[in-house]
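Source file target02.cif; content: mmCIF, C-alpha atoms, pLDDT in the B column; chains and numbers go by the auth columns.
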data_protein
#
loop_
_atom_site.group_PDB
_atom_site.id
_atom_site.type_symbol
_atom_site.label_atom_id
_atom_site.label_comp_id
_atom_site.label_asym_id
_atom_site.label_seq_id
_atom_site.Cartn_x
_atom_site.Cartn_y
_atom_site.Cartn_z
_atom_site.B_iso_or_equiv
_atom_site.auth_seq_id
_atom_site.auth_asym_id
ATOM 1 C CA ALA A 1 17.034 -53.928 -3.451 46.00 288 J
ATOM 2 C CA ALA A 2 17.701 -50.495 -1.959 46.00 289 J
ATOM 3 C CA VAL A 3 21.409 -50.740 -2.794 47.00 290 J
ATOM 4 C CA MET A 4 20.531 -51.372 -6.434 52.00 291 J
ATOM 5 C CA GLY A 5 18.174 -48.382 -6.538 51.00 292 J
ATOM 6 C CA PHE A 6 14.971 -50.396 -6.156 56.00 293 J
ATOM 7 C CA GLY A 7 14.130 -49.336 -2.591 58.00 294 J
ATOM 8 C CA GLY A 8 10.882 -47.682 -3.674 61.00 295 J
ATOM 9 C CA ARG A 9 9.530 -50.868 -5.261 70.00 296 J
ATOM 10 C CA THR A 10 7.218 -51.913 -2.422 71.00 297 J
ATOM 11 C CA TRP A 11 5.824 -54.748 -4.533 82.00 298 J
ATOM 12 C CA MET A 12 9.203 -56.488 -4.180 82.00 299 J
ATOM 13 C CA ASN A 13 8.387 -57.091 -0.509 84.00 300 J
ATOM 14 C CA GLU A 14 5.368 -59.123 -1.624 88.00 301 J
ATOM 15 C CA VAL A 15 7.591 -61.263 -3.835 88.00 302 J
ATOM 16 C CA LEU A 16 10.132 -61.663 -1.047 86.00 303 J
ATOM 17 C CA ASN A 17 7.409 -62.740 1.401 90.00 304 J
ATOM 18 C CA SER A 18 6.211 -65.393 -1.079 91.00 305 J
ATOM 19 C CA PHE A 19 9.596 -66.456 -2.370 92.00 306 J
ATOM 20 C CA ASP A 20 10.213 -69.258 0.132 93.00 307 J
ATOM 21 C CA ALA A 21 6.905 -70.928 -0.750 94.00 308 J
ATOM 22 C CA ILE A 22 7.622 -70.493 -4.455 94.00 309 J
ATOM 23 C CA VAL A 23 11.034 -72.149 -4.165 94.00 310 J
ATOM 24 C CA MET A 24 9.748 -74.937 -1.920 95.00 311 J
ATOM 25 C CA ASN A 25 7.016 -75.789 -4.437 94.00 312 J
ATOM 26 C CA VAL A 26 8.989 -75.546 -7.671 93.00 313 J
ATOM 27 C CA GLY A 27 8.633 -79.312 -8.150 93.00 314 J
ATOM 28 C CA ASN A 28 4.831 -79.199 -7.947 93.00 315 J
ATOM 29 C CA SER A 29 3.486 -77.181 -10.868 93.00 316 J
ATOM 30 C CA TYR A 30 -0.051 -76.922 -9.454 94.00 317 J
ATOM 31 C CA ARG A 31 1.174 -75.659 -6.126 94.00 318 J
ATOM 32 C CA LEU A 32 3.628 -73.288 -7.815 95.00 319 J
ATOM 33 C CA GLN A 33 0.762 -71.860 -9.864 94.00 320 J
ATOM 34 C CA GLU A 34 -1.241 -71.447 -6.664 94.00 321 J
ATOM 35 C CA GLU A 35 1.604 -69.517 -5.038 94.00 322 J
ATOM 36 C CA CYS A 36 1.831 -67.285 -8.121 93.00 323 J
ATOM 37 C CA ASP A 37 -1.942 -66.736 -8.007 93.00 324 J
ATOM 38 C CA ILE A 38 -1.709 -65.611 -4.392 91.00 325 J
ATOM 39 C CA LEU A 39 1.273 -63.397 -5.161 92.00 326 J
ATOM 40 C CA SER A 40 -0.549 -61.753 -8.062 91.00 327 J
ATOM 41 C CA LEU A 41 -3.473 -60.938 -5.741 89.00 328 J
ATOM 42 C CA ARG A 42 -1.107 -59.324 -3.249 88.00 329 J
ATOM 43 C CA MET A 43 0.703 -57.405 -5.957 87.00 330 J
ATOM 44 C CA ALA A 44 -2.586 -56.143 -7.407 86.00 331 J
ATOM 45 C CA LYS A 45 -2.881 -53.856 -4.382 84.00 332 J
ATOM 46 C CA HIS A 46 0.259 -51.963 -5.354 81.00 333 J
ATOM 47 C CA LYS A 47 -0.025 -48.876 -7.521 81.00 334 J
ATOM 48 C CA GLY A 48 2.332 -48.071 -10.330 80.00 335 J
ATOM 49 C CA ILE A 49 4.364 -50.121 -12.723 82.00 336 J
ATOM 50 C CA ILE A 50 5.532 -53.564 -11.668 83.00 337 J
ATOM 51 C CA ASN A 51 8.604 -54.660 -13.591 85.00 338 J
ATOM 52 C CA LEU A 52 9.208 -58.261 -12.567 88.00 339 J
ATOM 53 C CA THR A 53 12.566 -58.374 -14.325 87.00 340 J
ATOM 54 C CA GLU A 54 13.890 -55.969 -11.673 86.00 341 J
ATOM 55 C CA TYR A 55 13.274 -58.616 -9.018 86.00 342 J
ATOM 56 C CA LYS A 56 15.297 -61.110 -11.021 91.00 343 J
ATOM 57 C CA ALA A 57 18.296 -58.752 -10.957 88.00 344 J
ATOM 58 C CA VAL A 58 18.008 -58.291 -7.192 86.00 345 J
ATOM 59 C CA MET A 59 17.466 -62.014 -6.612 89.00 346 J
ATOM 60 C CA LEU A 60 20.493 -63.054 -8.666 93.00 347 J
ATOM 61 C CA ALA A 61 22.727 -60.402 -7.078 90.00 348 J
ATOM 62 C CA SER A 62 21.689 -61.534 -3.599 88.00 349 J
ATOM 63 C CA LEU A 63 22.218 -65.201 -4.381 93.00 350 J
ATOM 64 C CA ARG A 64 25.634 -64.534 -5.924 93.00 351 J
ATOM 65 C CA SER A 65 26.745 -62.852 -2.712 91.00 352 J
ATOM 66 C CA LEU A 66 25.409 -65.678 -0.529 92.00 353 J
ATOM 67 C CA VAL A 67 26.615 -68.741 -2.444 91.00 354 J
ATOM 68 C CA LYS A 68 30.406 -69.108 -2.349 90.00 355 J
ATOM 69 C CA ASP A 69 30.711 -71.548 -5.250 93.00 356 J
ATOM 70 C CA TRP A 70 28.276 -69.748 -7.559 92.00 357 J
ATOM 71 C CA SER A 71 28.470 -71.135 -11.080 93.00 358 J
ATOM 72 C CA SER A 72 26.804 -70.694 -14.446 92.00 359 J
ATOM 73 C CA GLN A 73 24.608 -73.690 -13.580 94.00 360 J
ATOM 74 C CA HIS A 74 23.299 -71.805 -10.545 94.00 361 J
ATOM 75 C CA GLU A 75 22.661 -68.766 -12.739 93.00 362 J
ATOM 76 C CA VAL A 76 20.759 -70.808 -15.323 95.00 363 J
ATOM 77 C CA SER A 77 18.707 -72.663 -12.696 94.00 364 J
ATOM 78 C CA TRP A 78 17.641 -69.611 -10.721 94.00 365 J
ATOM 79 C CA SER A 79 16.982 -67.665 -13.925 94.00 366 J
ATOM 80 C CA TRP A 80 14.802 -70.531 -15.154 94.00 367 J
ATOM 81 C CA LEU A 81 12.804 -70.492 -11.923 94.00 368 J
ATOM 82 C CA TRP A 82 12.223 -66.756 -11.994 94.00 369 J
ATOM 83 C CA GLU A 83 11.373 -66.664 -15.715 94.00 370 J
ATOM 84 C CA ASN A 84 8.678 -69.290 -15.117 94.00 371 J
ATOM 85 C CA VAL A 85 7.308 -67.443 -12.090 94.00 372 J
ATOM 86 C CA GLU A 86 7.396 -64.176 -14.035 94.00 373 J
ATOM 87 C CA ARG A 87 5.472 -65.772 -16.914 94.00 374 J
ATOM 88 C CA MET A 88 2.772 -67.067 -14.544 94.00 375 J
ATOM 89 C CA ILE A 89 2.401 -63.735 -12.763 92.00 376 J
ATOM 90 C CA LYS A 90 2.339 -61.697 -15.986 91.00 377 J
ATOM 91 C CA ALA A 91 -0.557 -63.851 -17.196 92.00 378 J
ATOM 92 C CA LEU A 92 -2.521 -62.719 -14.127 88.00 379 J
ATOM 93 C CA ILE A 93 -1.625 -59.020 -13.929 84.00 380 J
ATOM 94 C CA GLY A 94 -4.738 -56.880 -14.227 81.00 381 J
ATOM 95 C CA LYS A 95 -7.158 -59.764 -13.737 86.00 382 J
ATOM 96 C CA PRO A 96 -7.808 -59.356 -9.987 84.00 383 J
ATOM 97 C CA ALA A 97 -9.397 -55.908 -10.494 83.00 384 J
ATOM 98 C CA VAL A 98 -11.659 -57.235 -13.251 87.00 385 J
ATOM 99 C CA GLN A 99 -12.595 -60.268 -11.172 88.00 386 J
ATOM 100 C CA GLN A 100 -13.293 -58.093 -8.134 87.00 387 J
ATOM 101 C CA ARG A 101 -15.702 -55.908 -10.106 90.00 388 J
ATOM 102 C CA ALA A 102 -17.493 -58.974 -11.520 93.00 389 J
ATOM 103 C CA LEU A 103 -17.775 -60.530 -8.060 91.00 390 J
ATOM 104 C CA ALA A 104 -19.090 -57.284 -6.548 92.00 391 J
ATOM 105 C CA LYS A 105 -21.714 -57.064 -9.294 94.00 392 J
ATOM 106 C CA PHE A 106 -22.743 -60.683 -8.726 94.00 393 J
ATOM 107 C CA LEU A 107 -22.946 -60.313 -4.945 92.00 394 J
ATOM 108 C CA SER A 108 -24.899 -57.056 -5.146 93.00 395 J
ATOM 109 C CA GLY A 109 -27.568 -58.908 -7.145 93.00 396 J
ATOM 110 C CA LEU A 110 -28.157 -61.499 -4.410 92.00 397 J
ATOM 111 C CA ASP A 111 -30.804 -61.069 -1.725 93.00 398 J
ATOM 112 C CA GLU A 112 -29.979 -61.588 1.963 90.00 399 J
ATOM 113 C CA GLN A 113 -31.155 -65.208 2.049 92.00 400 J
ATOM 114 C CA ALA A 114 -29.042 -66.111 -0.984 93.00 401 J
ATOM 115 C CA LEU A 115 -26.018 -64.482 0.679 91.00 402 J
ATOM 116 C CA VAL A 116 -26.559 -66.545 3.841 88.00 403 J
ATOM 117 C CA VAL A 117 -26.691 -69.750 1.778 91.00 404 J
ATOM 118 C CA LEU A 118 -23.625 -68.710 -0.232 92.00 405 J
ATOM 119 C CA ARG A 119 -21.603 -67.960 2.902 87.00 406 J
ATOM 120 C CA ARG A 120 -22.578 -71.240 4.515 87.00 407 J
ATOM 121 C CA GLU A 121 -21.656 -73.216 1.397 91.00 408 J
ATOM 122 C CA VAL A 122 -18.321 -71.421 0.976 89.00 409 J
ATOM 123 C CA TYR A 123 -17.286 -72.181 4.562 84.00 410 J
ATOM 124 C CA THR A 124 -18.541 -75.781 4.349 87.00 411 J
ATOM 125 C CA LYS A 125 -16.583 -76.415 1.161 92.00 412 J
ATOM 126 C CA PHE A 126 -13.485 -74.601 2.449 88.00 413 J
ATOM 127 C CA PHE A 127 -13.391 -76.553 5.721 87.00 414 J
ATOM 128 C CA ALA A 128 -13.961 -79.841 3.864 90.00 415 J
ATOM 129 C CA LEU A 129 -11.008 -79.097 1.572 89.00 416 J
ATOM 130 C CA ALA A 130 -8.755 -77.597 4.253 86.00 417 J
ATOM 131 C CA PRO A 131 -9.769 -78.715 7.771 86.00 418 J
ATOM 132 C CA ALA A 132 -6.764 -76.890 9.255 85.00 419 J
ATOM 133 C CA GLY A 133 -8.420 -73.646 8.122 80.00 420 J
ATOM 134 C CA GLN A 134 -10.806 -73.949 11.054 78.00 421 J
ATOM 135 C CA GLU A 135 -7.940 -72.895 13.317 79.00 422 J
ATOM 136 C CA PHE A 136 -7.897 -69.493 11.580 76.00 423 J
ATOM 137 C CA PHE A 137 -11.658 -68.924 11.904 73.00 424 J
ATOM 138 C CA LYS A 138 -12.311 -68.849 15.618 68.00 425 J
ATOM 139 C CA GLN A 139 -14.783 -65.948 15.459 63.00 426 J
ATOM 140 C CA SER A 140 -18.518 -66.327 15.684 59.00 427 J
ATOM 141 C CA THR A 141 -20.485 -66.978 12.514 60.00 428 J
ATOM 142 C CA THR A 142 -21.923 -63.473 12.674 60.00 429 J
ATOM 143 C CA ARG A 143 -18.447 -61.955 12.657 62.00 430 J
ATOM 144 C CA LEU A 144 -17.375 -64.107 9.686 60.00 431 J
ATOM 145 C CA HIS A 145 -20.150 -62.636 7.567 59.00 432 J
ATOM 146 C CA PHE A 146 -18.709 -59.124 7.693 56.00 433 J
#
What does this structure look like when you write it as structure tokens?
Amino acid sequence: AAVMGFGGRTWMNEVLNSFDAIVMNVGNSYRLQEECDILSLRMAKHKGIINLTEYKAVMLASLRSLVKDWSSQHEVSWSWLWENVERMIKALIGKPAVQQRALAKFLSGLDEQALVVLRREVYTKFFALAPAGQEFFKQSTTRLHF
């Protein structure tokens, strides 16, 4: 990216960090959407303009240099992937900030007891859906609430 003049685009690092999961889940549209949702949340933290088409140029240039028998079919396939990812992310740009404000407003209206119940229910549901998540939450319950 730096060679192409995009070294200052820190948001590209977020895409690069998520790219493996995006490619691995291209065959599962729900999972691909989930990866794009996560990526959009990470990218929401970056200030300035995010031009996703710039990543496509860097991606294609990198792939061309890595694949010896690069063909027009490769170009079309990788372009198709990125155009779909770009479409999903563009649909989400700007939404995390709005959702964060709405959530903050909702949470600020809850009393302490309601917050305790909410926290307990969130963790119960999360661990039921993703038991492996328990390995990431080894802190005490008190610590998890802050």
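Proximity of J:Asp324, J:Leu390, J:Ser305, J:Met311 to J:Ala378, computed with only C-alpha atoms, is greatest for J:Asp324.
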What residues come out when you apply the PyMOL selection byres ((chain J and resi 321) around 12) to this file, written as a PyMOL selection string?
-> chain J and resi 305+308-309+312-313+315-320+322-328+372+375-376+379
Please write as a VMD selection string the full residue list that the PyMOL selection byres ((chain J and resi 302) around 10) yields on this file.
-> chain J and resid 297 to 301 303 to 307 309 323 326 to 327 329 to 330 339 342
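When only C-alpha atoms are used to compute distances to J:Trp367, the closest of the residues J:Val354, J:Val385, J:Leu347, J:Val404 turns out to be J:Leu347.
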Given the PyMOL selection byres ((chain J and resi 336) around 12), the residues it picks as a PyMOL selection string | chain J and resi 295-299+330-335+337-341+380-381
Write to file, as a compact mmCIF listing (two decimals), keeping the file's coordinate frame, the residues of the selection just made, with C-alpha atoms.
# COMPACT_ATOMS: atom_id res chain seq x y z
CA GLY J 295 10.88 -47.68 -3.67
CA ARG J 296 9.53 -50.87 -5.26
CA THR J 297 7.22 -51.91 -2.42
CA TRP J 298 5.82 -54.75 -4.53
CA MET J 299 9.20 -56.49 -4.18
CA MET J 330 0.70 -57.40 -5.96
CA ALA J 331 -2.59 -56.14 -7.41
CA LYS J 332 -2.88 -53.86 -4.38
CA HIS J 333 0.26 -51.96 -5.35
CA LYS J 334 -0.02 -48.88 -7.52
CA GLY J 335 2.33 -48.07 -10.33
CA ILE J 337 5.53 -53.56 -11.67
CA ASN J 338 8.60 -54.66 -13.59
CA LEU J 339 9.21 -58.26 -12.57
CA THR J 340 12.57 -58.37 -14.32
CA GLU J 341 13.89 -55.97 -11.67
CA ILE J 380 -1.62 -59.02 -13.93
CA GLY J 381 -4.74 -56.88 -14.23
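Take atom CA of J:Leu350 and atom CA of J:Val363: the distance between them is 12.4 Å.
Among the candidates J:Glu422, J:Glu408, J:Glu399, J:Glu362, the residue lying nearest to J:Ala344 is J:Glu362 (atoms considered: all atoms listed in the file).
Minimum atom-to-atom distance to J:Met346, evaluated using all atoms listed in the file, belongs to J:Ser366 out of J:Ser366, J:Asn371, J:Gln360, J:Gln400.
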